[in-house]
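Source file my_file00.txt; content: compact mmCIF, C-alpha atoms (C1' of nucleotides).
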```
# COMPACT_ATOMS: atom_id res chain seq x y z
CA MET J 1 30.71 -74.51 45.31
CA ALA J 2 32.93 -72.14 43.44
CA ALA J 3 35.99 -74.31 43.90
CA LEU J 4 34.67 -76.86 41.46
CA GLU J 5 33.68 -74.61 38.65
CA HIS J 6 37.00 -75.32 37.02
CA LEU J 7 38.03 -78.89 36.42
CA PHE J 8 41.39 -80.48 35.77
CA GLN J 9 41.60 -82.21 32.42
CA GLY J 10 44.13 -83.30 29.86
CA SER J 11 47.43 -85.14 30.08
CA ALA J 12 51.13 -84.41 29.81
CA LEU J 13 54.46 -86.12 30.35
CA ASN J 14 57.19 -84.04 31.93
CA ALA J 15 60.76 -84.71 33.02
CA VAL J 16 61.91 -84.92 36.61
CA ASP J 17 65.39 -83.44 36.51
CA ALA J 18 68.46 -84.34 38.55
CA LYS J 19 67.46 -81.96 41.31
CA GLY J 20 64.01 -83.50 41.62
CA ARG J 21 62.21 -80.64 39.93
CA VAL J 22 59.15 -81.02 37.66
CA SER J 23 57.15 -78.52 35.68
CA ILE J 24 53.46 -78.57 36.48
CA PRO J 25 51.80 -78.40 33.04
CA ALA J 26 50.54 -74.91 32.30
CA PHE J 27 46.97 -76.04 31.69
CA LEU J 28 46.79 -77.48 35.21
CA ARG J 29 48.30 -74.37 36.76
CA GLY J 30 45.65 -72.38 34.98
CA VAL J 31 42.92 -74.28 36.82
CA ILE J 32 44.71 -73.92 40.17
CA GLU J 33 44.99 -70.18 39.76
CA ARG J 34 41.40 -69.80 38.65
CA ARG J 35 40.15 -71.75 41.67
CA GLY J 36 42.06 -69.61 44.12
CA ASP J 37 45.02 -67.35 43.82
CA ALA J 38 47.59 -69.67 45.33
CA ARG J 39 50.65 -70.81 43.46
CA THR J 40 50.85 -73.98 45.48
CA ILE J 41 49.75 -77.59 45.19
CA VAL J 42 48.93 -80.24 47.77
CA LEU J 43 50.34 -83.73 47.23
CA ALA J 44 49.10 -87.04 48.64
CA LYS J 45 49.38 -90.71 47.88
CA HIS J 46 46.37 -91.81 45.84
CA GLU J 47 44.02 -94.00 47.82
CA SER J 48 43.64 -96.77 45.31
CA PHE J 49 46.34 -96.34 42.64
CA PRO J 50 50.15 -96.37 42.94
CA CYS J 51 50.46 -92.70 42.09
CA LEU J 52 50.07 -89.27 43.64
CA THR J 53 46.94 -87.16 43.84
CA ALA J 54 47.32 -83.43 43.65
CA TYR J 55 45.06 -80.44 44.07
CA ASP J 56 45.03 -76.81 45.07
CA PRO J 57 44.76 -75.46 48.63
CA ALA J 58 41.26 -74.14 47.98
CA TYR J 59 40.09 -77.63 47.18
CA ALA J 60 41.76 -78.97 50.36
CA ALA J 61 39.78 -76.48 52.41
CA PHE J 62 36.63 -77.46 50.60
CA LYS J 63 37.18 -81.15 51.31
CA HIS J 64 37.92 -80.43 54.94
CA ALA J 65 34.72 -78.49 55.39
CA LYS J 66 32.78 -81.35 53.84
CA LEU J 67 34.37 -83.86 56.22
CA GLU J 68 33.56 -81.69 59.20
CA ARG J 69 29.94 -81.48 58.25
CA LEU J 70 29.76 -85.22 57.75
CA ASN J 71 31.27 -85.76 61.17
CA GLU J 72 28.86 -83.48 62.99
CA LYS J 73 25.91 -85.32 61.56
CA GLU J 74 26.93 -88.94 62.01
CA GLU J 75 28.33 -88.69 65.51
CA THR J 76 27.49 -92.22 66.68
CA GLY J 77 29.61 -94.28 69.04
CA PRO J 78 33.37 -94.58 69.55
CA ASP J 79 34.06 -96.16 66.16
CA ALA J 80 32.88 -93.06 64.40
CA ALA J 81 35.23 -90.92 66.45
CA ILE J 82 38.22 -93.08 65.55
CA GLU J 83 37.28 -93.06 61.90
CA TYR J 84 37.08 -89.32 62.00
CA GLN J 85 40.56 -89.09 63.53
CA GLN J 86 41.94 -91.40 60.87
CA ARG J 87 40.47 -89.48 57.99
CA ASN J 88 41.62 -86.24 59.48
CA LEU J 89 45.19 -87.46 59.82
CA MET J 90 45.24 -88.81 56.31
CA ALA J 91 43.97 -85.53 55.00
CA PHE J 92 46.59 -83.45 56.75
CA ALA J 93 49.53 -85.44 58.11
CA ALA J 94 49.87 -87.58 55.01
CA THR J 95 49.93 -84.67 52.60
CA GLU J 96 52.50 -82.05 51.72
CA GLU J 97 51.97 -78.61 50.34
CA VAL J 98 54.60 -77.36 47.91
CA PRO J 99 54.84 -74.04 46.10
CA TYR J 100 55.75 -73.77 42.45
CA ASP J 101 58.20 -71.15 41.27
CA SER J 102 57.85 -68.48 38.62
CA SER J 103 58.54 -70.97 35.87
CA GLY J 104 55.87 -73.34 37.20
CA ARG J 105 58.13 -75.98 38.72
CA ILE J 106 57.85 -77.76 42.04
CA LEU J 107 60.49 -79.66 43.93
CA VAL J 108 59.02 -83.09 44.59
CA PRO J 109 59.55 -83.88 48.27
CA PRO J 110 61.57 -87.10 48.65
CA MET J 111 58.82 -88.82 50.58
CA MET J 112 56.30 -88.13 47.86
CA ARG J 113 58.76 -89.21 45.25
CA MET J 114 58.97 -92.49 47.09
CA LYS J 115 55.24 -92.81 47.73
CA GLY J 116 54.46 -92.16 44.09
CA LYS J 117 57.37 -94.33 42.92
CA LEU J 118 58.39 -91.57 40.54
CA GLY J 119 61.41 -91.97 38.29
CA ASP J 120 62.67 -89.38 35.85
CA LEU J 121 59.36 -89.06 33.99
CA ALA J 122 56.10 -87.84 35.47
CA LEU J 123 52.77 -88.40 33.74
CA PHE J 124 50.12 -85.85 34.68
CA LEU J 125 46.48 -86.88 34.31
CA GLY J 126 43.54 -84.56 34.83
CA ALA J 127 40.84 -86.15 36.99
CA GLY J 128 38.25 -83.40 37.37
CA GLU J 129 38.37 -82.17 40.93
CA THR J 130 41.99 -83.31 41.29
CA PHE J 131 44.80 -84.49 39.08
CA GLN J 132 47.20 -87.43 39.32
CA ILE J 133 50.93 -87.82 38.90
CA TRP J 134 52.12 -91.23 37.70
CA ASN J 135 55.27 -93.07 36.93
CA PRO J 136 54.24 -93.94 33.35
CA GLU J 137 55.69 -97.45 33.61
CA LEU J 138 53.48 -98.23 36.60
CA LEU J 139 50.41 -97.02 34.78
CA LEU J 140 51.17 -99.24 31.80
CA GLY J 141 51.56 -102.19 34.13
CA ASP J 142 48.35 -101.68 36.09
CA ASP J 143 45.51 -103.90 34.93
CA ARG J 144 42.85 -101.64 36.40
CA ILE J 145 43.72 -98.90 33.94
CA PRO J 146 41.61 -98.80 30.73
CA ASP J 147 43.49 -99.51 27.50
CA ASP J 148 42.52 -96.17 26.00
CA LEU J 149 44.31 -94.46 28.82
CA LYS J 150 47.40 -96.62 28.35
CA ASP J 151 47.37 -95.59 24.70
CA ILE J 152 47.62 -92.02 25.84
CA ALA J 153 50.57 -92.85 28.08
CA ARG J 154 52.30 -94.62 25.18
CA PHE J 155 51.61 -91.70 22.89
CA ARG J 156 53.13 -89.28 25.36
CA LEU J 157 56.18 -91.50 25.72
CA ASN J 158 56.62 -91.71 21.94
CA GLU J 159 56.19 -87.99 21.57
CA ARG J 160 59.18 -87.61 23.81
CA GLY J 161 61.19 -90.11 21.81
CA ALA J 162 61.35 -92.57 24.66
CA ALA J 163 61.05 -96.20 23.68
CA ARG J 164 58.02 -98.29 24.75
CA MET E 1 19.43 -77.54 32.43
CA ALA E 2 20.30 -74.43 30.54
CA ALA E 3 23.30 -76.06 28.90
CA LEU E 4 21.14 -78.16 26.65
CA GLU E 5 18.72 -75.55 25.45
CA HIS E 6 20.86 -75.05 22.39
CA LEU E 7 21.73 -77.98 20.20
CA PHE E 8 24.49 -78.58 17.69
CA GLN E 9 23.26 -79.16 14.17
CA GLY E 10 24.44 -78.96 10.61
CA SER E 11 27.57 -80.05 8.76
CA ALA E 12 30.69 -78.50 7.29
CA LEU E 13 33.98 -79.54 5.79
CA ASN E 14 37.04 -77.50 6.74
CA ALA E 15 40.76 -77.72 6.02
CA VAL E 16 43.40 -78.70 8.54
CA ASP E 17 46.43 -76.59 7.64
CA ALA E 18 50.11 -77.40 7.91
CA LYS E 19 50.27 -76.17 11.49
CA GLY E 20 47.38 -78.39 12.51
CA ARG E 21 44.84 -75.59 12.74
CA VAL E 22 41.13 -75.90 11.83
CA SER E 23 38.33 -73.41 11.83
CA ILE E 24 35.39 -74.44 13.97
CA PRO E 25 32.35 -73.66 11.79
CA ALA E 26 30.68 -70.44 12.88
CA PHE E 27 27.29 -72.08 13.44
CA LEU E 28 28.81 -74.45 15.99
CA ARG E 29 30.68 -71.66 17.74
CA GLY E 30 27.38 -69.85 18.03
CA VAL E 31 25.92 -72.73 20.03
CA ILE E 32 28.99 -72.95 22.26
CA GLU E 33 28.82 -69.28 23.11
CA ARG E 34 25.11 -69.37 23.77
CA ARG E 35 25.51 -72.33 26.15
CA GLY E 36 28.19 -70.61 28.20
CA ASP E 37 30.54 -67.78 27.57
CA ALA E 38 33.66 -69.84 27.03
CA ARG E 39 35.56 -69.74 23.79
CA THR E 40 36.94 -73.24 24.19
CA ILE E 41 35.95 -76.73 23.19
CA VAL E 42 36.60 -80.11 24.79
CA LEU E 43 37.82 -82.91 22.53
CA ALA E 44 37.59 -86.65 23.14
CA LYS E 45 37.80 -89.84 21.15
CA HIS E 46 34.28 -90.96 20.23
CA GLU E 47 33.37 -94.10 22.12
CA SER E 48 32.10 -96.09 19.18
CA PHE E 49 33.12 -94.34 15.95
CA PRO E 50 36.61 -93.60 14.64
CA CYS E 51 36.21 -89.86 15.06
CA LEU E 52 36.30 -87.18 17.72
CA THR E 53 33.48 -85.95 19.93
CA ALA E 54 33.48 -82.30 20.88
CA TYR E 55 31.49 -80.15 23.24
CA ASP E 56 31.69 -77.02 25.35
CA PRO E 57 33.09 -76.81 28.91
CA ALA E 58 29.63 -76.16 30.36
CA TYR E 59 28.47 -79.50 29.01
CA ALA E 60 31.56 -81.18 30.50
CA ALA E 61 30.76 -79.74 33.91
CA PHE E 62 27.19 -80.91 33.57
CA LYS E 63 28.29 -84.45 32.78
CA HIS E 64 30.68 -84.38 35.70
CA ALA E 65 27.99 -83.34 38.15
CA LYS E 66 25.81 -86.17 36.91
CA LEU E 67 28.62 -88.67 37.48
CA GLU E 68 29.21 -87.37 40.99
CA ARG E 69 25.59 -87.75 41.96
CA LEU E 70 25.50 -91.26 40.56
CA ASN E 71 28.58 -92.17 42.56
CA GLU E 72 27.32 -90.83 45.87
CA LYS E 73 24.17 -92.88 45.58
CA GLU E 74 25.60 -96.21 44.49
CA GLU E 75 28.49 -96.37 46.93
CA THR E 76 28.78 -100.16 47.19
CA GLY E 77 32.03 -101.99 47.79
CA PRO E 78 35.54 -101.53 46.42
CA ASP E 79 34.63 -102.48 42.84
CA ALA E 80 32.37 -99.49 42.59
CA ALA E 81 35.20 -97.23 43.72
CA ILE E 82 37.52 -98.52 41.00
CA GLU E 83 34.85 -98.19 38.35
CA TYR E 84 34.28 -94.64 39.43
CA GLN E 85 38.00 -93.91 39.16
CA GLN E 86 38.11 -95.40 35.69
CA ARG E 87 35.19 -93.40 34.40
CA ASN E 88 36.57 -90.28 35.93
CA LEU E 89 39.95 -90.73 34.27
CA MET E 90 38.38 -91.42 30.91
CA ALA E 91 36.24 -88.32 31.21
CA PHE E 92 39.09 -86.02 32.15
CA ALA E 93 42.50 -87.49 31.39
CA ALA E 94 41.47 -88.76 27.98
CA THR E 95 40.08 -85.39 26.90
CA GLU E 96 41.68 -82.08 26.04
CA GLU E 97 40.34 -78.59 26.30
CA VAL E 98 41.47 -76.23 23.57
CA PRO E 99 40.66 -72.55 23.11
CA TYR E 100 39.79 -71.08 19.75
CA ASP E 101 41.23 -67.76 18.69
CA SER E 102 39.51 -64.64 17.46
CA SER E 103 39.15 -66.10 14.01
CA GLY E 104 37.52 -69.24 15.39
CA ARG E 105 40.37 -71.67 14.89
CA ILE E 106 41.71 -74.32 17.23
CA LEU E 107 45.03 -76.10 17.14
CA VAL E 108 44.22 -79.79 17.05
CA PRO E 109 46.47 -81.42 19.65
CA PRO E 110 48.65 -84.10 18.05
CA MET E 111 47.18 -86.77 20.26
CA MET E 112 43.67 -85.94 19.15
CA ARG E 113 44.78 -85.79 15.57
CA MET E 114 45.98 -89.34 15.98
CA LYS E 115 42.97 -90.57 17.95
CA GLY E 116 40.58 -89.12 15.41
CA LYS E 117 42.75 -90.21 12.49
CA LEU E 118 42.42 -86.76 10.98
CA GLY E 119 44.15 -85.87 7.74
CA ASP E 120 43.99 -82.48 6.06
CA LEU E 121 40.21 -82.35 5.90
CA ALA E 122 37.85 -82.30 8.87
CA LEU E 123 34.15 -83.00 8.56
CA PHE E 124 32.03 -81.43 11.29
CA LEU E 125 28.69 -83.05 12.13
CA GLY E 126 26.20 -81.64 14.60
CA ALA E 127 24.93 -84.31 16.98
CA GLY E 128 22.62 -82.44 19.35
CA GLU E 129 24.27 -82.26 22.73
CA THR E 130 27.69 -82.67 21.13
CA PHE E 131 29.23 -82.56 17.68
CA GLN E 132 31.65 -84.85 15.88
CA ILE E 133 34.79 -84.32 13.85
CA TRP E 134 35.54 -86.91 11.18
CA ASN E 135 38.11 -87.76 8.63
CA PRO E 136 35.65 -87.77 5.70
CA GLU E 137 37.28 -90.81 4.12
CA LEU E 138 36.71 -92.86 7.26
CA LEU E 139 33.08 -91.84 7.38
CA LEU E 140 32.54 -92.92 3.79
CA GLY E 141 34.18 -96.24 4.52
CA ASP E 142 32.19 -97.02 7.67
CA ASP E 143 29.26 -99.40 7.05
CA ARG E 144 27.43 -98.27 10.17
CA ILE E 145 26.89 -94.83 8.66
CA PRO E 146 23.56 -94.30 6.79
CA ASP E 147 23.85 -93.61 3.06
CA ASP E 148 22.07 -90.31 3.37
CA LEU E 149 24.77 -89.09 5.66
CA LYS E 150 27.48 -90.29 3.32
CA ASP E 151 25.75 -88.32 0.57
CA ILE E 152 26.19 -85.23 2.67
CA ALA E 153 29.87 -85.98 3.09
CA ARG E 154 30.24 -86.49 -0.68
CA PHE E 155 28.41 -83.26 -1.32
CA ARG E 156 30.74 -81.36 0.99
CA LEU E 157 33.73 -82.91 -0.72
CA ASN E 158 32.46 -81.96 -4.17
CA GLU E 159 31.70 -78.46 -3.02
CA ARG E 160 35.36 -78.14 -2.22
CA GLY E 161 36.39 -79.50 -5.56
CA ALA E 162 37.99 -82.57 -4.09
CA ALA E 163 37.48 -85.75 -6.01
CA ARG E 164 35.42 -88.62 -4.57
C1' DT A 1 81.86 -77.77 55.18
C1' DC A 2 78.83 -80.16 52.63
C1' DA A 3 74.44 -80.95 51.07
C1' DT A 4 70.26 -79.09 49.92
C1' DA A 5 66.91 -75.77 48.43
C1' DT A 6 65.91 -71.21 46.15
C1' DC A 7 66.69 -67.99 42.67
C1' DC A 8 68.12 -66.45 38.30
C1' DC A 9 69.19 -66.57 33.50
C1' DA A 10 69.32 -68.91 28.89
C1' DC A 11 67.85 -71.64 25.11
C1' DG A 12 64.92 -74.23 21.62
C1' DA A 13 60.54 -75.66 20.33
C1' DA A 14 55.90 -74.99 20.17
C1' DA A 15 51.84 -72.42 20.63
C1' DA A 16 49.30 -68.08 20.61
C1' DC A 17 48.71 -63.82 18.32
C1' DC A 18 48.26 -60.57 14.54
C1' DC A 19 47.56 -59.20 9.85
C1' DA A 20 46.32 -59.96 5.06
C1' DT A 21 43.72 -62.29 1.36
C1' DT A 22 40.02 -64.68 -0.70
C1' DG A 23 35.54 -66.22 -1.46
C1' DT A 24 30.78 -66.16 -0.32
C1' DA A 25 26.54 -64.65 1.52
C1' DT A 26 23.91 -60.51 2.82
C1' DC A 27 22.23 -56.01 2.46
C1' DC A 28 20.93 -51.82 0.25
C1' DC A 29 19.80 -48.78 -3.24
C1' DC A 30 18.64 -47.72 -7.75
C1' DG L 1 15.15 -57.67 -9.86
C1' DG L 2 19.89 -56.61 -10.74
C1' DG L 3 24.27 -54.84 -9.33
C1' DG L 4 27.42 -53.10 -6.37
C1' DA L 5 28.94 -52.44 -1.70
C1' DT L 6 29.47 -54.63 2.78
C1' DA L 7 30.21 -57.95 6.36
C1' DC L 8 31.74 -62.20 7.77
C1' DA L 9 33.77 -66.78 7.29
C1' DA L 10 37.74 -69.57 6.22
C1' DT L 11 42.53 -69.79 5.39
C1' DG L 12 47.63 -68.64 4.69
C1' DG L 13 51.70 -66.78 6.56
C1' DG L 14 54.79 -64.19 9.63
C1' DT L 15 55.94 -62.60 14.34
C1' DT L 16 55.83 -62.68 19.24
C1' DT L 17 55.13 -64.98 23.50
C1' DT L 18 54.96 -68.81 26.44
C1' DC L 19 56.44 -73.30 28.07
C1' DG L 20 59.42 -76.83 29.42
C1' DT L 21 64.02 -77.57 30.56
C1' DG L 22 69.01 -77.23 31.68
C1' DG L 23 72.60 -75.08 34.20
C1' DG L 24 74.88 -71.93 37.26
C1' DA L 25 74.98 -68.85 41.23
C1' DT L 26 73.36 -67.74 45.72
C1' DA L 27 71.24 -68.59 50.14
C1' DT L 28 70.10 -71.88 54.05
C1' DG L 29 70.76 -75.17 57.46
C1' DA L 30 72.54 -79.39 59.51
```
Would you mind writing the file's structure down as structure tokens?
Amino acid sequence: MAALEHLFQGSALNAVDAKGRVSIPAFLRGVIERRGDARTIVLAKHESFPCLTAYDPAYAAFKHAKLERLNEKEETGPDAAIEYQQRNLMAFAATEEVPYDSSGRILVPPMMRMKGKLGDLALFLGAGETFQIWNPELLLGDDRIPDDLKDIARFRLNERGAAR
Amino acid sequence: MAALEHLFQGSALNAVDAKGRVSIPAFLRGVIERRGDARTIVLAKHESFPCLTAYDPAYAAFKHAKLERLNEKEETGPDAAIEYQQRNLMAFAATEEVPYDSSGRILVPPMMRMKGKLGDLALFLGAGETFQIWNPELLLGDDRIPDDLKDIARFRLNERGAAR
DNA sequence: TCATATCCCACGAAAACCCATTGTATCCCC
DNA sequence: GGGGATACAATGGGTTTTCGTGGGATATGA
């Protein structure tokens, strides 16, 4: 699977400006452009954390293909069919694809801004196959997040001069 | 696994300059470039010592694949999913990948400089699959470190003319 | 018309790049 | 084996490029 040769890693804290724009950190864009040649990211609500998951279109296609294969094998009864429909909708209806401009910025769609509870700071976290976009305050308040990771969030906030 | 045919070994003490740059010892770079063809290293806080762990991207990918396989097998309940997410974040969000230039130097990211408590001297220690980067003073003050190893650190410090 | 999105330019800080110097280990030839 | 030349490693410093960010101007559509 060529799509996964390059993994998202690292962290950064960027500003969401008055127009709702955010810079995607350059080191993440590098991975996106090495995986495919798109200058676009796909956004979705994370399935277990109060944040957004993001990835490149090539990865979306890869995930879709995997789901299809799974479905063809385990075709058993009506429940399976419903589950398939649900997953399919989540994968496509509940996501948005947004392009980034020449300076590497996206315009966060209002719905995603709401779903991810983003304020005027966006914390980017590499997560291997995908990356996450957090409201840093929510991350600090989540007790499922390891302390070492919260330290990173605090460091990024300090770096920027913000209190906390 | 081809990635582990070559192991990191040896020690060296290099300066961290005013810009935060350090030379990666040539004998470590040799291993990195034999394992893959990248000219980058991945930095992370060591999980039990007050220092940094470092390795090449190929090794990171190898570790990731191992984690994925583990996860697909032991898929049991929601707790397992959270644990997986936590490990994944620690492996990718809490690490940084940095390239080294033609003269073999990296720029130590400020966060890593803090996490590893590095001053203006960096002690490199080969550790087989990975290598470590220490503040030499912290190594000398750690009672879990064997005396023979501390002797090496003292020798490297003397070599450089530094006191201690 | 107003609000919203896209494009463009501009700036400051930081990082990447290039070149120059030193010291040390290696090689070669006498 | 000694001595000089050579190659490479580590390091300092200056210059250029990139990145994140703000703001204005221009298009687009309700």
Chain J in the frame of chain E after full C-alpha superposition, as a CSV table (one decimal) with C-alpha atoms, in the frame of the given file:
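The file below, selection-v4.csv, is the result:
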```
chain,number,residue,atom,x,y,z
J,1,MET,CA,19.4,-77.8,32.5
J,2,ALA,CA,20.3,-74.6,30.8
J,3,ALA,CA,23.3,-76.1,29.1
J,4,LEU,CA,21.2,-78.1,26.8
J,5,GLU,CA,18.8,-75.5,25.6
J,6,HIS,CA,21.0,-75.0,22.6
J,7,LEU,CA,21.9,-78.0,20.5
J,8,PHE,CA,24.6,-78.6,18.0
J,9,GLN,CA,23.3,-79.4,14.5
J,10,GLY,CA,24.4,-79.2,10.9
J,11,SER,CA,27.5,-80.2,9.0
J,12,ALA,CA,30.6,-78.7,7.5
J,13,LEU,CA,33.9,-79.7,5.9
J,14,ASN,CA,36.9,-77.6,6.7
J,15,ALA,CA,40.5,-77.7,5.9
J,16,VAL,CA,43.3,-78.6,8.3
J,17,ASP,CA,46.2,-76.4,7.2
J,18,ALA,CA,49.9,-77.1,7.3
J,19,LYS,CA,50.2,-75.8,10.9
J,20,GLY,CA,47.4,-78.1,12.1
J,21,ARG,CA,44.8,-75.4,12.4
J,22,VAL,CA,41.1,-75.8,11.7
J,23,SER,CA,38.2,-73.4,11.7
J,24,ILE,CA,35.4,-74.4,14.0
J,25,PRO,CA,32.3,-73.7,11.9
J,26,ALA,CA,30.6,-70.5,12.9
J,27,PHE,CA,27.2,-72.2,13.6
J,28,LEU,CA,28.8,-74.5,16.1
J,29,ARG,CA,30.7,-71.6,17.8
J,30,GLY,CA,27.4,-69.9,18.1
J,31,VAL,CA,26.0,-72.7,20.2
J,32,ILE,CA,29.1,-72.9,22.4
J,33,GLU,CA,28.9,-69.2,23.1
J,34,ARG,CA,25.2,-69.3,23.9
J,35,ARG,CA,25.7,-72.2,26.3
J,36,GLY,CA,28.4,-70.4,28.3
J,37,ASP,CA,30.7,-67.6,27.5
J,38,ALA,CA,33.8,-69.6,26.9
J,39,ARG,CA,35.7,-69.5,23.6
J,40,THR,CA,37.1,-73.0,24.2
J,41,ILE,CA,36.2,-76.5,23.2
J,42,VAL,CA,36.9,-79.9,24.9
J,43,LEU,CA,38.1,-82.7,22.6
J,44,ALA,CA,38.0,-86.5,23.3
J,45,LYS,CA,38.1,-89.7,21.3
J,46,HIS,CA,34.6,-90.8,20.5
J,47,GLU,CA,33.6,-93.9,22.5
J,48,SER,CA,32.3,-95.9,19.6
J,49,PHE,CA,33.3,-94.3,16.4
J,50,PRO,CA,36.8,-93.6,15.0
J,51,CYS,CA,36.4,-89.8,15.3
J,52,LEU,CA,36.6,-87.1,17.9
J,53,THR,CA,33.8,-85.8,20.1
J,54,ALA,CA,33.8,-82.2,21.0
J,55,TYR,CA,31.8,-79.9,23.4
J,56,ASP,CA,32.0,-76.8,25.4
J,57,PRO,CA,33.3,-76.5,29.0
J,58,ALA,CA,29.9,-75.8,30.4
J,59,TYR,CA,28.7,-79.2,29.0
J,60,ALA,CA,31.8,-80.9,30.5
J,61,ALA,CA,30.8,-79.5,33.9
J,62,PHE,CA,27.3,-80.6,33.5
J,63,LYS,CA,28.4,-84.2,32.6
J,64,HIS,CA,30.7,-84.3,35.6
J,65,ALA,CA,28.0,-83.3,38.0
J,66,LYS,CA,25.7,-86.0,36.6
J,67,LEU,CA,28.4,-88.6,37.0
J,68,GLU,CA,29.0,-87.5,40.6
J,69,ARG,CA,25.4,-87.8,41.4
J,70,LEU,CA,25.2,-91.3,39.9
J,71,ASN,CA,28.2,-92.3,41.9
J,72,GLU,CA,26.8,-91.2,45.2
J,73,LYS,CA,23.7,-93.2,44.7
J,74,GLU,CA,25.1,-96.5,43.5
J,75,GLU,CA,27.9,-96.9,45.9
J,76,THR,CA,28.0,-100.7,46.1
J,77,GLY,CA,31.1,-102.8,46.4
J,78,PRO,CA,34.7,-102.4,45.1
J,79,ASP,CA,33.8,-102.8,41.5
J,80,ALA,CA,31.7,-99.7,41.5
J,81,ALA,CA,34.6,-97.7,42.9
J,82,ILE,CA,36.9,-98.9,40.2
J,83,GLU,CA,34.4,-98.1,37.5
J,84,TYR,CA,34.0,-94.7,38.9
J,85,GLN,CA,37.7,-94.1,38.8
J,86,GLN,CA,37.8,-95.3,35.2
J,87,ARG,CA,35.0,-93.0,34.1
J,88,ASN,CA,36.5,-90.1,35.9
J,89,LEU,CA,39.9,-90.6,34.2
J,90,MET,CA,38.4,-90.9,30.8
J,91,ALA,CA,36.4,-87.8,31.3
J,92,PHE,CA,39.4,-85.7,32.4
J,93,ALA,CA,42.7,-87.3,31.6
J,94,ALA,CA,41.7,-88.4,28.1
J,95,THR,CA,40.4,-85.1,27.0
J,96,GLU,CA,42.1,-81.8,26.0
J,97,GLU,CA,40.7,-78.3,26.2
J,98,VAL,CA,41.7,-76.0,23.5
J,99,PRO,CA,40.9,-72.3,22.9
J,100,TYR,CA,39.9,-70.9,19.6
J,101,ASP,CA,41.3,-67.6,18.4
J,102,SER,CA,39.5,-64.5,17.2
J,103,SER,CA,39.0,-66.0,13.8
J,104,GLY,CA,37.5,-69.1,15.3
J,105,ARG,CA,40.4,-71.5,14.7
J,106,ILE,CA,41.8,-74.1,17.0
J,107,LEU,CA,45.2,-75.8,16.8
J,108,VAL,CA,44.4,-79.6,16.9
J,109,PRO,CA,46.7,-81.1,19.5
J,110,PRO,CA,48.9,-83.8,17.9
J,111,MET,CA,47.5,-86.5,20.1
J,112,MET,CA,44.0,-85.7,19.2
J,113,ARG,CA,44.9,-85.5,15.6
J,114,MET,CA,46.2,-89.1,15.9
J,115,LYS,CA,43.3,-90.3,18.0
J,116,GLY,CA,40.8,-89.0,15.5
J,117,LYS,CA,43.0,-90.1,12.5
J,118,LEU,CA,42.5,-86.6,11.0
J,119,GLY,CA,44.1,-85.8,7.7
J,120,ASP,CA,43.9,-82.4,5.9
J,121,LEU,CA,40.1,-82.4,5.9
J,122,ALA,CA,37.9,-82.3,8.9
J,123,LEU,CA,34.2,-83.1,8.7
J,124,PHE,CA,32.1,-81.5,11.5
J,125,LEU,CA,28.8,-83.2,12.4
J,126,GLY,CA,26.3,-81.8,14.9
J,127,ALA,CA,25.1,-84.4,17.4
J,128,GLY,CA,22.8,-82.5,19.7
J,129,GLU,CA,24.5,-82.2,23.0
J,130,THR,CA,28.0,-82.6,21.4
J,131,PHE,CA,29.4,-82.5,17.9
J,132,GLN,CA,31.9,-84.8,16.1
J,133,ILE,CA,35.0,-84.3,14.1
J,134,TRP,CA,35.7,-86.9,11.4
J,135,ASN,CA,38.2,-87.8,8.8
J,136,PRO,CA,35.6,-87.9,5.9
J,137,GLU,CA,37.3,-91.0,4.4
J,138,LEU,CA,36.8,-92.9,7.6
J,139,LEU,CA,33.2,-92.0,7.8
J,140,LEU,CA,32.6,-93.2,4.2
J,141,GLY,CA,34.2,-96.5,5.0
J,142,ASP,CA,32.3,-97.2,8.2
J,143,ASP,CA,29.4,-99.6,7.8
J,144,ARG,CA,27.7,-98.4,10.9
J,145,ILE,CA,27.1,-95.0,9.4
J,146,PRO,CA,23.7,-94.5,7.6
J,147,ASP,CA,23.8,-94.0,3.8
J,148,ASP,CA,22.0,-90.6,4.1
J,149,LEU,CA,24.8,-89.4,6.3
J,150,LYS,CA,27.5,-90.6,3.8
J,151,ASP,CA,25.6,-88.7,1.1
J,152,ILE,CA,26.1,-85.6,3.1
J,153,ALA,CA,29.8,-86.3,3.5
J,154,ARG,CA,30.1,-86.9,-0.3
J,155,PHE,CA,28.2,-83.7,-1.0
J,156,ARG,CA,30.5,-81.7,1.2
J,157,LEU,CA,33.5,-83.2,-0.5
J,158,ASN,CA,32.1,-82.3,-3.9
J,159,GLU,CA,31.3,-78.8,-2.8
J,160,ARG,CA,35.0,-78.4,-2.1
J,161,GLY,CA,36.0,-79.8,-5.5
J,162,ALA,CA,37.6,-82.8,-4.0
J,163,ALA,CA,37.1,-86.1,-5.9
J,164,ARG,CA,35.2,-89.0,-4.3
```
Once 4 Å is added on each side, what are the centre and the three edge lengths, in Å to one decimal, of the axis-aligned box enclosing the listed atoms of region 60-71 of chain J? Present them as AutoDock Vina command-line options.
```
--center_x 35.8 --center_y -81.1 --center_z 55.8 --size_x 20.0 --size_y 17.3 --size_z 18.8
```
Output as a Markdown table one row per residue of chain J within 10 Å of chain A: the closest atom pair and its distance in Å to one decimal place, counting all atoms listed in the file, sorted by chain and residue number ascending.
```
| residue | atom | partner | partner_atom | distance |
| --- | --- | --- | --- | --- |
| J:Lys19 | CA | A:DA5 | C1' | 9.5 |
| J:Asp101 | CA | A:DT6 | C1' | 9.1 |
| J:Ser102 | CA | A:DC7 | C1' | 9.7 |
| J:Leu107 | CA | A:DA5 | C1' | 8.8 |
```
Residues of chain E within 9 Å of chain J, using all atoms listed in the file, as a ChimeraX atom specification? /E:61,64,81-83,85-86,88-97,111
